[in-house]
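J.: Attaching a single structure in structure tokens format; questions to follow.
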Amino acid sequence: MVNFLISVYGVYVAIKILLEINEVLFIKKEFEKGPVLLSLEDFKTAAIYSIYKHTIEIFNSLISLFLVVFWLSGGLFIINYIFYDGTLLGELKVLGSFFLINYILTLPIHIWEKHIDKKFGFNVAPWKLFVVDEIKKVILFVIFGGAFFAGLIYFIENFENWWLIGFVFTFVIVILINVLYPFFAAWFNKFEPLKDIELKEAIENMMSKVGFKSNGIYVMDASKRDTRLNAYFAGLGKTKRVVLFDTLLKKLNKNEILAVLGHELGHFKHKDILKNIAVTGITLFIFFAILGNLPDELFKELGVPKNGANIVIIGLLFSDMIFFILQPFINLISRHNEFAADEMGSELVSKKDLANALKKLVKENKHFPKVSKIYSFINYTHPPILERLEKLDEK
């Protein structure tokens, strides 16, 4: 069974790598046809950057395959032999060692990715800040992740239908994370109230039109790490807030900023946040249903007990493959919602301002404007930029 699972995962990785290679070839072919939306120089830069990103994805896939082979071919047995003593603490040690080894082995790719972003002018943070960020992430993961996995292991060990309880528990935690997101974000960035009174009033007027209430409009010091542009709504319920990257305020004019936020308000108006939560719930339910029916023979062949830690580890090893299978269906819903949100943004401000904002986002974020249909179908939660602009023209 172990060999079968490794083979299945190998096929999955092969498919992912072929998709990345096909996209690189697609980019080269489209580049030869000439620039679209961008100047020739910007088009060339976007193409090269995109090829780098696809190359990194290939290496990420290869490393994930290596990790699956490593853990299923003896790694899982070794950490159980060293740390497992029949207690909850022993299981947490097994799980902690799994995360630590994975983190160390994947860190070089993470550093390489940051180096590429620095090469193309995105990553402007000193490496000291990168180290500090990583330490903060580890601390947050140990505290909150440790508590979550301790709870999950407890349910696995003490309830017959643990997978159903574990699903509910995880789903509640996901919602709680969304509620507490502003708290976690404050560990990494400073958030100051928007000082531009005219822009603030315009945003508040636009929010009132759709009945959106927030506890404030904030500017995030994104430029201390990255030059890319973005804006988002964070939190749920009373913790909802509007967040603008300081880079966005520098590059977009007032109406373009309003159009971007109008798009986000479209998601609120159409209840896309609730839809996304529902989709997340369905996805988690399928994932836990699979975990709850892992055969005993698998653990016997691995030479490890069928306990909470080992069930979680098997789930984590194959989670990306499971979600990869579900992703195209999730993306179909997401892309439909994005088109509808674009329509709302153009209605609240104007089609022209939203189109101009999208074009600036493409330019500043060095996003290659063309993508193959197969890659978009499988990987893109948002419609390709050219499709969004064409849709706006139709409206």
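Following the order of the structure tokens, first chain is A, next is B, and so on, with residues numbered from 1 inside each chain and ligands from 1 in the order they appear.
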List as a list in words the protein and nucleic acid residues near A:Ile58, meaning an atom at most 6 Å away when only C-alpha atoms are counted, but skip any in the same chain fewer than 3 places from it.
T.: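 The residues satisfying every condition are Ile17, Thr55 and Ser61 of chain A.
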J.: Taking 2 positions as the minimum chain separation for residues in the same chain, which residues sit within 12 Å of A:Ile116 when counting only C-alpha atoms? Answer as a ChimeraX atom specification.
T.: /A:48-56,109-114,118-124
J.: Which residues come within 9 Å of A:Ser73, counting only C-alpha atoms, excluding same-chain residues fewer than 5 positions away, as a PyMOL selection string?
T.: chain A and resi 2-3+68+302
J.: Residues as selected, C-alpha atoms, written as a PDB file, in the first residue's frame, can you do that?
T.:
```pdb
ATOM      1  CA  VAL A   2       2.894   2.366   0.797  1.00  0.00           C
ATOM      2  CA  ASN A   3       4.379   1.849  -2.662  1.00  0.00           C
ATOM      3  CA  VAL A  68       6.547  11.867   0.859  1.00  0.00           C
ATOM      4  CA  LEU A 302       4.792   1.747   7.995  1.00  0.00           C
TER       5      LEU A 302
END
```
J.: Quick one: everything within 12 Å of A:Asn253, counting only C-alpha atoms, minus sequence neighbours fewer than 6 positions away in the same chain. Send it as a list in words.
T.: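 Answer for this query is Leu199, Thr247, Ala259, Val260, Asp353, Leu354, Asn356, Ala357 and Lys360 of chain A.
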J.: Keeping C-alpha atoms, export the residues of the selection given above as an mmCIF file, in the first residue's frame.
T.:
```cif
data_model
loop_
_atom_site.group_PDB
_atom_site.id
_atom_site.type_symbol
_atom_site.label_atom_id
_atom_site.label_comp_id
_atom_site.auth_asym_id
_atom_site.auth_seq_id
_atom_site.Cartn_x
_atom_site.Cartn_y
_atom_site.Cartn_z
ATOM 1 C CA LEU A 199 -10.369 59.478 0.457
ATOM 2 C CA THR A 247 2.253 51.083 -1.954
ATOM 3 C CA ALA A 259 -12.721 50.977 -7.818
ATOM 4 C CA VAL A 260 -10.441 48.337 -6.253
ATOM 5 C CA ASP A 353 -11.284 53.470 -13.292
ATOM 6 C CA LEU A 354 -11.446 49.758 -12.461
ATOM 7 C CA ASN A 356 -7.078 51.400 -15.238
ATOM 8 C CA ALA A 357 -6.517 50.071 -11.714
ATOM 9 C CA LYS A 360 -1.611 49.335 -13.067
#
```
J.: Might you pull out every residue within 9 Å of A:Glu338, with only C-alpha atoms counted and same-chain residues fewer than 3 positions away left off, and present them as a PyMOL selection string?
T.: chain A and resi 263+266-267+333-335+341-343+381-383+388
J.: Could you write out that same residue set with C-alpha atoms as an mmCIF file, in the first residue's frame?
T.:
```cif
data_model
loop_
_atom_site.group_PDB
_atom_site.id
_atom_site.type_symbol
_atom_site.label_atom_id
_atom_site.label_comp_id
_atom_site.auth_asym_id
_atom_site.auth_seq_id
_atom_site.Cartn_x
_atom_site.Cartn_y
_atom_site.Cartn_z
ATOM 1 C CA HIS A 263 -14.582 45.203 -6.249
ATOM 2 C CA GLY A 266 -18.874 43.377 -4.426
ATOM 3 C CA HIS A 267 -17.718 40.231 -2.621
ATOM 4 C CA ILE A 333 -16.964 29.259 -8.289
ATOM 5 C CA SER A 334 -14.248 31.757 -7.375
ATOM 6 C CA ARG A 335 -13.795 33.077 -10.935
ATOM 7 C CA ALA A 341 -17.298 41.673 -8.016
ATOM 8 C CA ASP A 342 -15.723 43.482 -10.984
ATOM 9 C CA GLU A 343 -19.197 44.443 -12.143
ATOM 10 C CA THR A 381 -8.847 31.572 -8.412
ATOM 11 C CA HIS A 382 -9.152 34.826 -10.397
ATOM 12 C CA PRO A 383 -9.926 35.107 -14.108
ATOM 13 C CA ARG A 388 -11.552 40.574 -16.831
#
```
J.: So which one's closest to A:His367, A:Leu38, A:Leu76, A:Leu244, A:Leu194? Using only C-alpha atoms, please.
T.: A:Leu38
J.: Hey, which bits of stretch 180-286 of chain A sit within 9 Å of stretch 129-146 of chain A, and for each residue what's the closest pair of atoms and how far apart in Å (one decimal), counting only C-alpha atoms, rows by chain and increasing number, as CSV?
T.:
```
residue,atom,partner,partner_atom,distance
A:Phe184,CA,A:Leu140,CA,8.5
A:Trp187,CA,A:Lys136,CA,7.6
A:Phe188,CA,A:Asp133,CA,7.0
A:Arg225,CA,A:Leu129,CA,8.3
```
J.: Next, write the just-selected residues to a file, as a tab-separated table (two decimals), in the first residue's frame, keeping C-alpha atoms as the atom set.
T.:
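That gives us selection_21.tsv:
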```tsv
chain	number	residue	atom	x	y	z
A	184	PHE	CA	-1.99	38.15	14.02
A	187	TRP	CA	2.77	40.97	14.70
A	188	PHE	CA	4.31	41.70	11.32
A	225	ARG	CA	8.94	44.35	2.86
```
J.: Can you list, as an MDAnalysis selection string, every residue of stretch 117-281 of chain A that DSSP puts in strand (DSSP E)?
T.: chainID A and resid 191:193 217:220 231:234 241:245
J.: Taking 3 positions as the minimum chain separation for residues in the same chain, which residues sit within 12 Å of A:Val304 when counting only C-alpha atoms? Answer as number ranges by chain.
T.: A: 71-86, 91, 94, 296-301, 307-311, 313-314
J.: Rounded to one decimal in Å, what is the spacing between atom CA of A:Pro193 and atom CA of A:Gly237?
T.: 19.1 Å
J.: Just give me the gap between atom CA of A:Gly281 and atom CA of A:Ile322 in Å, one decimal is fine.
T.: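 Between these atoms lies a distance of 14.5 Å.
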J.: Of the candidates A:Thr280, A:Phe285, A:Asn293, A:Glu390, which shows the shortest atom-to-atom distance to A:Ile165, using only C-alpha atoms?
T.: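 Of all the options, A:Phe285 lies closest to A:Ile165.
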J.: When distances are computed from only C-alpha atoms, which of A:Glu364, A:Lys16, A:Glu57, A:Ile378 shows the smallest separation from A:Ile330?
T.: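 Ranked by minimum distance to A:Ile330, first place goes to A:Ile378.
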J.: Apply DSSP to the backbone of this structure and, from stretch 38-97 of chain A, keep only the residues in alpha helix (DSSP H); write these as a ChimeraX atom specification.
T.: /A:40-70,76-83,88-97
J.: Since we have the selection now, will you write its residues out, keeping C-alpha atoms, as a short mmCIF file (atom, residue, chain, number, x, y, z; two decimals), in the first residue's frame?
T.:
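Output (again.cif):
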```cif
data_model
loop_
_atom_site.label_atom_id
_atom_site.label_comp_id
_atom_site.auth_asym_id
_atom_site.auth_seq_id
_atom_site.Cartn_x
_atom_site.Cartn_y
_atom_site.Cartn_z
CA LEU A 40 8.01 45.75 -24.47
CA GLU A 41 10.45 46.11 -21.58
CA ASP A 42 7.78 45.51 -18.91
CA PHE A 43 6.36 42.60 -20.93
CA LYS A 44 9.81 41.01 -21.09
CA THR A 45 10.40 41.50 -17.35
CA ALA A 46 6.99 40.02 -16.51
CA ALA A 47 7.69 37.01 -18.73
CA ILE A 48 11.09 36.33 -17.15
CA TYR A 49 9.70 36.76 -13.62
CA SER A 50 6.82 34.41 -14.39
CA ILE A 51 9.23 31.77 -15.73
CA TYR A 52 11.26 32.03 -12.53
CA LYS A 53 8.08 31.50 -10.46
CA HIS A 54 7.09 28.44 -12.49
CA THR A 55 10.61 27.05 -12.06
CA ILE A 56 10.32 27.47 -8.30
CA GLU A 57 7.00 25.60 -8.40
CA ILE A 58 8.72 22.70 -10.18
CA PHE A 59 11.33 22.49 -7.41
CA ASN A 60 8.61 22.76 -4.76
CA SER A 61 6.85 19.79 -6.35
CA LEU A 62 10.05 17.75 -6.43
CA ILE A 63 10.75 18.52 -2.78
CA SER A 64 7.20 17.52 -1.81
CA LEU A 65 7.72 14.19 -3.60
CA PHE A 66 11.02 13.70 -1.80
CA LEU A 67 9.33 14.37 1.56
CA VAL A 68 6.55 11.87 0.86
CA VAL A 69 9.10 9.20 -0.10
CA PHE A 70 11.28 10.06 2.91
CA LEU A 76 7.96 8.28 10.08
CA PHE A 77 9.11 5.06 11.73
CA ILE A 78 12.30 6.74 13.02
CA ILE A 79 10.63 9.74 14.69
CA ASN A 80 8.04 7.43 16.27
CA TYR A 81 10.81 5.17 17.57
CA ILE A 82 12.61 8.16 19.11
CA PHE A 83 9.73 10.23 20.50
CA LEU A 88 -0.17 12.96 24.19
CA LEU A 89 3.13 14.74 24.79
CA GLY A 90 4.94 11.98 22.93
CA GLU A 91 2.60 12.37 19.96
CA LEU A 92 3.17 16.13 19.95
CA LYS A 93 6.92 15.49 19.91
CA VAL A 94 6.48 13.22 16.88
CA LEU A 95 4.39 15.86 15.13
CA GLY A 96 6.78 18.66 16.14
CA SER A 97 9.79 16.80 14.73
#
```
J.: Please provide the set of residues having any atom within 6 Å of A:Trp163, restricted to only C-alpha atoms, with same-chain residues fewer than 2 positions apart removed, written as a PyMOL selection string.
T.: chain A and resi 161+165-167+288+292
J.: Give me a file of those residues, with N, CA and C atoms, as a PDB file, in the first residue's frame.
T.:
```
ATOM      1  N   ASN A 161     -16.096   8.473  16.227  1.00  0.00           N
ATOM      2  CA  ASN A 161     -16.311   9.284  15.011  1.00  0.00           C
ATOM      3  C   ASN A 161     -15.495  10.574  15.090  1.00  0.00           C
ATOM      4  N   ILE A 165     -15.938  15.066  14.439  1.00  0.00           N
ATOM      5  CA  ILE A 165     -15.669  16.053  15.494  1.00  0.00           C
ATOM      6  C   ILE A 165     -14.465  16.903  15.099  1.00  0.00           C
ATOM      7  N   GLY A 166     -13.458  16.244  14.528  1.00  0.00           N
ATOM      8  CA  GLY A 166     -12.258  16.973  14.091  1.00  0.00           C
ATOM      9  C   GLY A 166     -12.569  17.971  12.997  1.00  0.00           C
ATOM     10  N   PHE A 167     -13.468  17.595  12.102  1.00  0.00           N
ATOM     11  CA  PHE A 167     -13.895  18.523  11.047  1.00  0.00           C
ATOM     12  C   PHE A 167     -14.557  19.763  11.652  1.00  0.00           C
ATOM     13  N   PHE A 288     -11.428  15.377   5.925  1.00  0.00           N
ATOM     14  CA  PHE A 288     -11.511  14.609   7.171  1.00  0.00           C
ATOM     15  C   PHE A 288     -12.199  13.268   6.968  1.00  0.00           C
ATOM     16  N   GLY A 292     -10.527   9.881   8.148  1.00  0.00           N
ATOM     17  CA  GLY A 292     -11.225   8.983   9.057  1.00  0.00           C
ATOM     18  C   GLY A 292     -11.336   7.561   8.566  1.00  0.00           C
TER      19      GLY A 292
END
```
J.: Which distance in Å separates atom CA of A:Leu265 and atom CA of A:Asn178, to one decimal?
T.: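 These two atoms are separated by 17.2 Å.
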J.: Measuring between only C-alpha atoms, which one of A:Lys190, A:Lys238, A:Lys352, A:Lys128 shows the shortest distance to A:Leu258?
T.: A:Lys352
